[in-house]
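Novice: Quick one: this structure, given as structure tokens, is what I'll be asking you about.
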Amino acid sequence: MNDHNLEMTAVERCNAYKCTAGEGLFGVGMGFFSSVSVLPLLLLSLGASEVQIGLLGSLFWAGWLLLQPLGLFLFGRRVRTKRLLVPWSLGFAGPTYLSIGLIVCLLAPSHRELCVVGVLGVLAVRVIGGGMTIPFWWDWQAMVFRREIRGRAIGMLAAASPLGTALAALAAGKVVESFRFPGNYVLLSVVSFVFIVVALGVYWLVREPESMSAPHPPTPASHLLTRFRESLRERNFRSYLVGRLLMTLGSGATAFYALFFVSGDGGGLTAGAVIMLSALLPIAQCLVSYPLGLLGDRAGHKIGVVLGAVCQVAAILTAWLWSGPLACATTFALVGAASGASWVSHVNMLFETCPHGSRTAHITLSNIVLAPALWTVPVLTGWLISHIGLRSGIGLTLLPTVLGIAWLALVVQEPREVELTRQRRAAIDGQARGETAS
């Protein structure tokens with residue numbers, strides 16, 4: 001690869017800094033209501049069941065995917081720039097967090113069961129509605145940044161967001177311990193809203209390429225189905241989806257790590273301590289994201305995918321075999337490293353396994369395939385834990401995760417190698433036809 005192409009232009013560098021700042025501030029806003037620590041512990045304080053907490057995990061893993069096909073039809077013919085994406089995200093992120101604070105303030109003291117239902121309902125609106133534009137956000141990033149520098153640019157974003165989340169988790173832990181319930185969670189909702197508004201304001205400042213302003217042609221159903229079929233005919237993409245499904249089947253424990261470490265089996269840590277230790281999740285994600293992007297730009301993104309899968313197994317083993325503050329810290333750090341790979345390496349794998357010109361259709365298809373598992377795995381894990389206990393339930397998630405590592409490492413090919421093989425075959429075929437003609 002030409003070293004000159006690996007250098008960012010001044011505009012690309014400025015855009016990368018703006019996107020990094022925006023993503024970092026958005027991470028702060030999300031971190032004050034972290035789905036792996038603050039929200040599970042809020043629900044636990046309200047008396048939620050394991051299945052309801054599992055439903056929370058399902059929302060944050062699969063809810064984003066539910067209406068993405070509808071989003072393709074709604075926005076397929078519109079100019080999909082920041083003028084669409086920023087207001088849409090603001091409309092579903094900001095008001096919902098304020099609503100959670102209001103629901104907790106009004107219902108937590110005397111109607112806790114209704115409060116649980118209200119919090120989950122508002123989160124469903126936030127996640128499902130906001131998720132409709134996620135393929136367009138990813139495609140937007142792919143258009144703002146060239147392939148040669150995209151891994152590093154997305155690595156910067158993927159590092160900034162968890163760094164913001166880590167800072168927010170540390171602050172949230174102090175707030176939860178320093179203020180009385182439910183006022184502590186109400187305060188978190190207000191602060192979250194402020195940071196999300198500022199973050200999206202920074203994204204508004206990104207300078208988009210002029211080519212992005214051109215209207216997109218309508219997306220008829222027949223065209224979308226054709227793109228889906230083209231994607232599924234790609235053998236390496238099918239293999240990659242199988243690996244992702246196996247890893248998803250093994251990811252159900254993530255929603256229960258916070259609950260495990262406040263339980264007696266996990267060491268009986270306080271809620272505030274677990275929230276503050278959970279800051280290691282986004283810190284680890286921050287530390288690995290840019291190196292994974294740099295490695296992917298130079299050597300391909302499959303290696304990052306496999307490394308992330310190894311970290312997921314290590315996190316499960318740590319929680320299953322040990323307890324106490326050190327085990328809690330290590331588990332969250334390993335989950336963070338796996339999350340970094342999920343953002344940087346998996347997103348770029350999706351970009352590079354696309355066999356046609358519609359990345360949004362390719363991304364949406366991937367999410368449609370993964371959605372049923374993402375919805376059911378956390379809930380089923382919660383049901384399993386309610387019958388056999390937290391430690392045993394976490395341990396059982398090892399089985400599909402180990403299978404997933406083996407599949408990703410041995411069966412899935414690096415997309416760039418597949419592309420080079422095709423180019424070589426095309427060149428050989430072209431040479432053969434030329435010799436035949438002569």
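How things are named: the first chain in the structure tokens is A, the next is B, and so on; residues count from 1 in each chain; ligands count from 1 in the order shown.
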Find the residues near Met132 (chain A): any atom within 6 Å, counting only C-alpha atoms, skip ones fewer than 2 places away on the same chain, and give them as a PDB file with C-alpha atoms, in the first residue's frame.
Specialist:
```pdb
ATOM      1  CA  LEU A  67     -36.273  -0.887  13.122  1.00  0.00           C
ATOM      2  CA  GLN A  68     -33.183  -0.544  10.944  1.00  0.00           C
ATOM      3  CA  GLY A  71     -35.020   3.180   8.497  1.00  0.00           C
ATOM      4  CA  GLY A 129     -35.839   4.848  17.686  1.00  0.00           C
ATOM      5  CA  GLY A 130     -32.212   5.946  17.802  1.00  0.00           C
ATOM      6  CA  ILE A 134     -27.159   3.549  12.921  1.00  0.00           C
TER       7      ILE A 134
END
```
Novice: Please provide the set of residues having any atom within 10 Å of Ala409 (chain A), restricted to only C-alpha atoms, with same-chain residues fewer than 6 positions apart removed, written as a PyMOL selection string.
Specialist: chain A and resi 243+302-303+305-307+309
Novice: Would you save the residues from that selection as a PDB file, in the first residue's frame, using N, CA and C atoms?
Specialist:
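Wrote it out as selection.pdb, contents follow:
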```
ATOM      1  N   GLY A 243     -19.687 -16.867  12.878  1.00  0.00           N
ATOM      2  CA  GLY A 243     -18.803 -16.559  13.997  1.00  0.00           C
ATOM      3  C   GLY A 243     -19.387 -15.518  14.931  1.00  0.00           C
ATOM      4  N   LYS A 302      -9.271  -8.856  10.546  1.00  0.00           N
ATOM      5  CA  LYS A 302      -9.639 -10.157  11.124  1.00  0.00           C
ATOM      6  C   LYS A 302      -8.900 -10.419  12.431  1.00  0.00           C
ATOM      7  N   ILE A 303      -7.636 -10.032  12.490  1.00  0.00           N
ATOM      8  CA  ILE A 303      -6.860 -10.297  13.696  1.00  0.00           C
ATOM      9  C   ILE A 303      -7.465  -9.585  14.903  1.00  0.00           C
ATOM     10  N   VAL A 305     -10.662  -8.933  15.286  1.00  0.00           N
ATOM     11  CA  VAL A 305     -11.872  -9.688  15.605  1.00  0.00           C
ATOM     12  C   VAL A 305     -11.538 -10.884  16.499  1.00  0.00           C
ATOM     13  N   VAL A 306     -10.479 -11.611  16.160  1.00  0.00           N
ATOM     14  CA  VAL A 306     -10.090 -12.787  16.946  1.00  0.00           C
ATOM     15  C   VAL A 306      -9.592 -12.373  18.329  1.00  0.00           C
ATOM     16  N   LEU A 307      -8.801 -11.321  18.408  1.00  0.00           N
ATOM     17  CA  LEU A 307      -8.311 -10.855  19.709  1.00  0.00           C
ATOM     18  C   LEU A 307      -9.474 -10.449  20.619  1.00  0.00           C
ATOM     19  N   ALA A 309     -12.462 -11.713  20.568  1.00  0.00           N
ATOM     20  CA  ALA A 309     -13.118 -12.942  21.014  1.00  0.00           C
ATOM     21  C   ALA A 309     -12.350 -13.591  22.161  1.00  0.00           C
TER      22      ALA A 309
END
```
Novice: Mind checking which residues fall within 12 Å of Gly304 (chain A), counting only C-alpha atoms, ignoring those fewer than 3 positions away in the same chain, and posting them as an NGL selection string?
Specialist: :A and (151 or 155 or 288-301 or 307-311 or 337-349 or 405 or 408-409 or 414)
Novice: Set out as a Markdown table a contact list for region 396-423 of chain A and region 247-259 of chain A with a cut-off of 9 Å, giving each residue of region 396-423 of chain A that qualifies its closest atom pair and distance in Å to one decimal, counting only C-alpha atoms, ordered by chain and rising residue number.
Specialist:
```
| residue | atom | partner | partner_atom | distance |
| --- | --- | --- | --- | --- |
| A:Leu396 | CA | A:Gly250 | CA | 8.3 |
| A:Thr397 | CA | A:Gly250 | CA | 4.6 |
| A:Leu398 | CA | A:Gly250 | CA | 6.2 |
| A:Leu399 | CA | A:Gly250 | CA | 7.1 |
| A:Pro400 | CA | A:Gly250 | CA | 5.2 |
| A:Thr401 | CA | A:Gly250 | CA | 4.7 |
| A:Val402 | CA | A:Met247 | CA | 8.2 |
| A:Leu403 | CA | A:Met247 | CA | 8.1 |
| A:Gly404 | CA | A:Met247 | CA | 5.2 |
| A:Ile405 | CA | A:Met247 | CA | 7.6 |
```
Novice: Save the residues we just selected, N, CA and C atoms, as a PDB file, in the first residue's frame?
Specialist:
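What ended up in out_31.pdb:
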```
ATOM      1  N   LEU A 396     -21.556 -21.136  32.019  1.00  0.00           N
ATOM      2  CA  LEU A 396     -22.095 -21.845  30.851  1.00  0.00           C
ATOM      3  C   LEU A 396     -21.936 -21.056  29.548  1.00  0.00           C
ATOM      4  N   THR A 397     -21.765 -19.747  29.642  1.00  0.00           N
ATOM      5  CA  THR A 397     -21.594 -18.959  28.417  1.00  0.00           C
ATOM      6  C   THR A 397     -20.238 -19.200  27.756  1.00  0.00           C
ATOM      7  N   LEU A 398     -19.358 -19.934  28.434  1.00  0.00           N
ATOM      8  CA  LEU A 398     -18.061 -20.268  27.832  1.00  0.00           C
ATOM      9  C   LEU A 398     -18.204 -21.138  26.583  1.00  0.00           C
ATOM     10  N   LEU A 399     -19.181 -22.038  26.585  1.00  0.00           N
ATOM     11  CA  LEU A 399     -19.265 -23.039  25.515  1.00  0.00           C
ATOM     12  C   LEU A 399     -19.392 -22.406  24.127  1.00  0.00           C
ATOM     13  N   PRO A 400     -20.414 -21.562  23.860  1.00  0.00           N
ATOM     14  CA  PRO A 400     -20.492 -20.986  22.521  1.00  0.00           C
ATOM     15  C   PRO A 400     -19.369 -20.003  22.226  1.00  0.00           C
ATOM     16  N   THR A 401     -18.815 -19.350  23.269  1.00  0.00           N
ATOM     17  CA  THR A 401     -17.756 -18.380  23.037  1.00  0.00           C
ATOM     18  C   THR A 401     -16.482 -19.057  22.538  1.00  0.00           C
ATOM     19  N   VAL A 402     -16.119 -20.182  23.129  1.00  0.00           N
ATOM     20  CA  VAL A 402     -14.937 -20.922  22.677  1.00  0.00           C
ATOM     21  C   VAL A 402     -15.128 -21.419  21.248  1.00  0.00           C
ATOM     22  N   LEU A 403     -16.325 -21.917  20.942  1.00  0.00           N
ATOM     23  CA  LEU A 403     -16.617 -22.333  19.561  1.00  0.00           C
ATOM     24  C   LEU A 403     -16.490 -21.151  18.603  1.00  0.00           C
ATOM     25  N   GLY A 404     -16.949 -19.976  19.049  1.00  0.00           N
ATOM     26  CA  GLY A 404     -16.874 -18.786  18.212  1.00  0.00           C
ATOM     27  C   GLY A 404     -15.448 -18.390  17.894  1.00  0.00           C
ATOM     28  N   ILE A 405     -14.550 -18.471  18.880  1.00  0.00           N
ATOM     29  CA  ILE A 405     -13.136 -18.160  18.631  1.00  0.00           C
ATOM     30  C   ILE A 405     -12.566 -19.091  17.567  1.00  0.00           C
TER      31      ILE A 405
END
```
Novice: Looking only at alpha helix (DSSP H) from DSSP on the backbone, list the matching residues of region 134-350 of chain A as a ChimeraX atom specification.
Specialist: /A:134-144,147-178,183-203,221-233,235-249,257-262,271-277,280-299,302-321,325-350
Novice: Please, which residues in region 173-238 of chain A fall within 8 Å of region 89-92 of chain A when counting only C-alpha atoms, and what is the closest atom pair and distance in Å to one decimal for each, ordered by chain then residue number, as CSV?
Specialist:
```
residue,atom,partner,partner_atom,distance
A:Ile196,CA,A:Leu90,CA,7.6
A:Val197,CA,A:Leu90,CA,6.8
A:Leu200,CA,A:Leu90,CA,7.0
```
Novice: Write the residues of the preceding selection, restricted to N, CA and C atoms, as a PDB file, in the first residue's frame.
Specialist:
```
ATOM      1  N   ILE A 196     -25.037  15.030  26.128  1.00  0.00           N
ATOM      2  CA  ILE A 196     -25.482  14.531  24.826  1.00  0.00           C
ATOM      3  C   ILE A 196     -25.793  15.686  23.884  1.00  0.00           C
ATOM      4  N   VAL A 197     -26.428  16.733  24.373  1.00  0.00           N
ATOM      5  CA  VAL A 197     -26.728  17.901  23.540  1.00  0.00           C
ATOM      6  C   VAL A 197     -25.437  18.544  23.043  1.00  0.00           C
ATOM      7  N   LEU A 200     -23.621  16.296  20.263  1.00  0.00           N
ATOM      8  CA  LEU A 200     -24.210  16.340  18.932  1.00  0.00           C
ATOM      9  C   LEU A 200     -23.985  17.708  18.292  1.00  0.00           C
TER      10      LEU A 200
END
```
Novice: Just want the 8 Å neighbourhood of region 273-282 of chain A, counted on only C-alpha atoms, with same-chain residues fewer than 4 positions away dropped. Output as a VMD selection string.
Specialist: chain A and resid 36 to 38 161 to 174 258 261 to 262 269 286 325 328 to 329 332 to 337
Novice: Mind giving me the straight-line distance from CA of Gly324 (chain A) to CA of Phe181 (chain A) in Å, one decimal?
Specialist: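 A separation of 25.1 Å between them.
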Novice: Got a sec: who's within 12 Å of Ile103 (chain A), counting only C-alpha atoms, leaving out chain neighbours fewer than 2 positions off, as number ranges by chain?
Specialist: A: 46, 96-101, 105-123, 182-183, 185-186, 189
Novice: Which residue, A:Ala48, A:Leu370, A:Leu72, A:Ala93, has the smallest gap to Phe136 (chain A) when you use only C-alpha atoms?
Specialist: A:Leu72
Novice: Ranking A:Pro135, A:Gly31, A:Pro209, A:Gly272 by minimum distance to Ser178 (chain A) and counting only C-alpha atoms, which one comes first?
Specialist: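 Using only C-alpha atoms, Ser178 (chain A) sits closest to A:Gly272.
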Novice: Rounded to one decimal, what separation in Å do you get between CA of Ala160 (chain A) and CA of Arg13 (chain A)?
Specialist: 15.0 Å
Novice: Provide the CA of Thr20 (chain A) to CA of Ala158 (chain A) distance in Å, to one decimal place.
Specialist: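 So the answer is 8.1 Å.
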Novice: Write out as a list in words the residues lying within 10 Å of Ala327 (chain A), counting only C-alpha atoms and excluding same-chain residues fewer than 4 positions away.
Specialist: Phe261, Gly266, Gly267, Ala315, Leu317, Thr318, Ala319, Trp320, Leu321, Trp322, Ser323, Thr331, Phe332 and Ala333 of chain A
Novice: For Gly382 (chain A), which residue out of A:Leu410, A:Met8, A:Leu241, A:Ile394 is the nearest one, using only C-alpha atoms?
Specialist: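 Looking only at the distances to Gly382 (chain A), the closest residue turns out to be A:Ile394.
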Novice: Counting only C-alpha atoms, which residue out of A:Gly24, A:Trp204, A:Phe195, A:Ala371 sits closest to Leu85 (chain A)?
Specialist: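 Checking each candidate against Leu85 (chain A), we get A:Trp204 as the closest.
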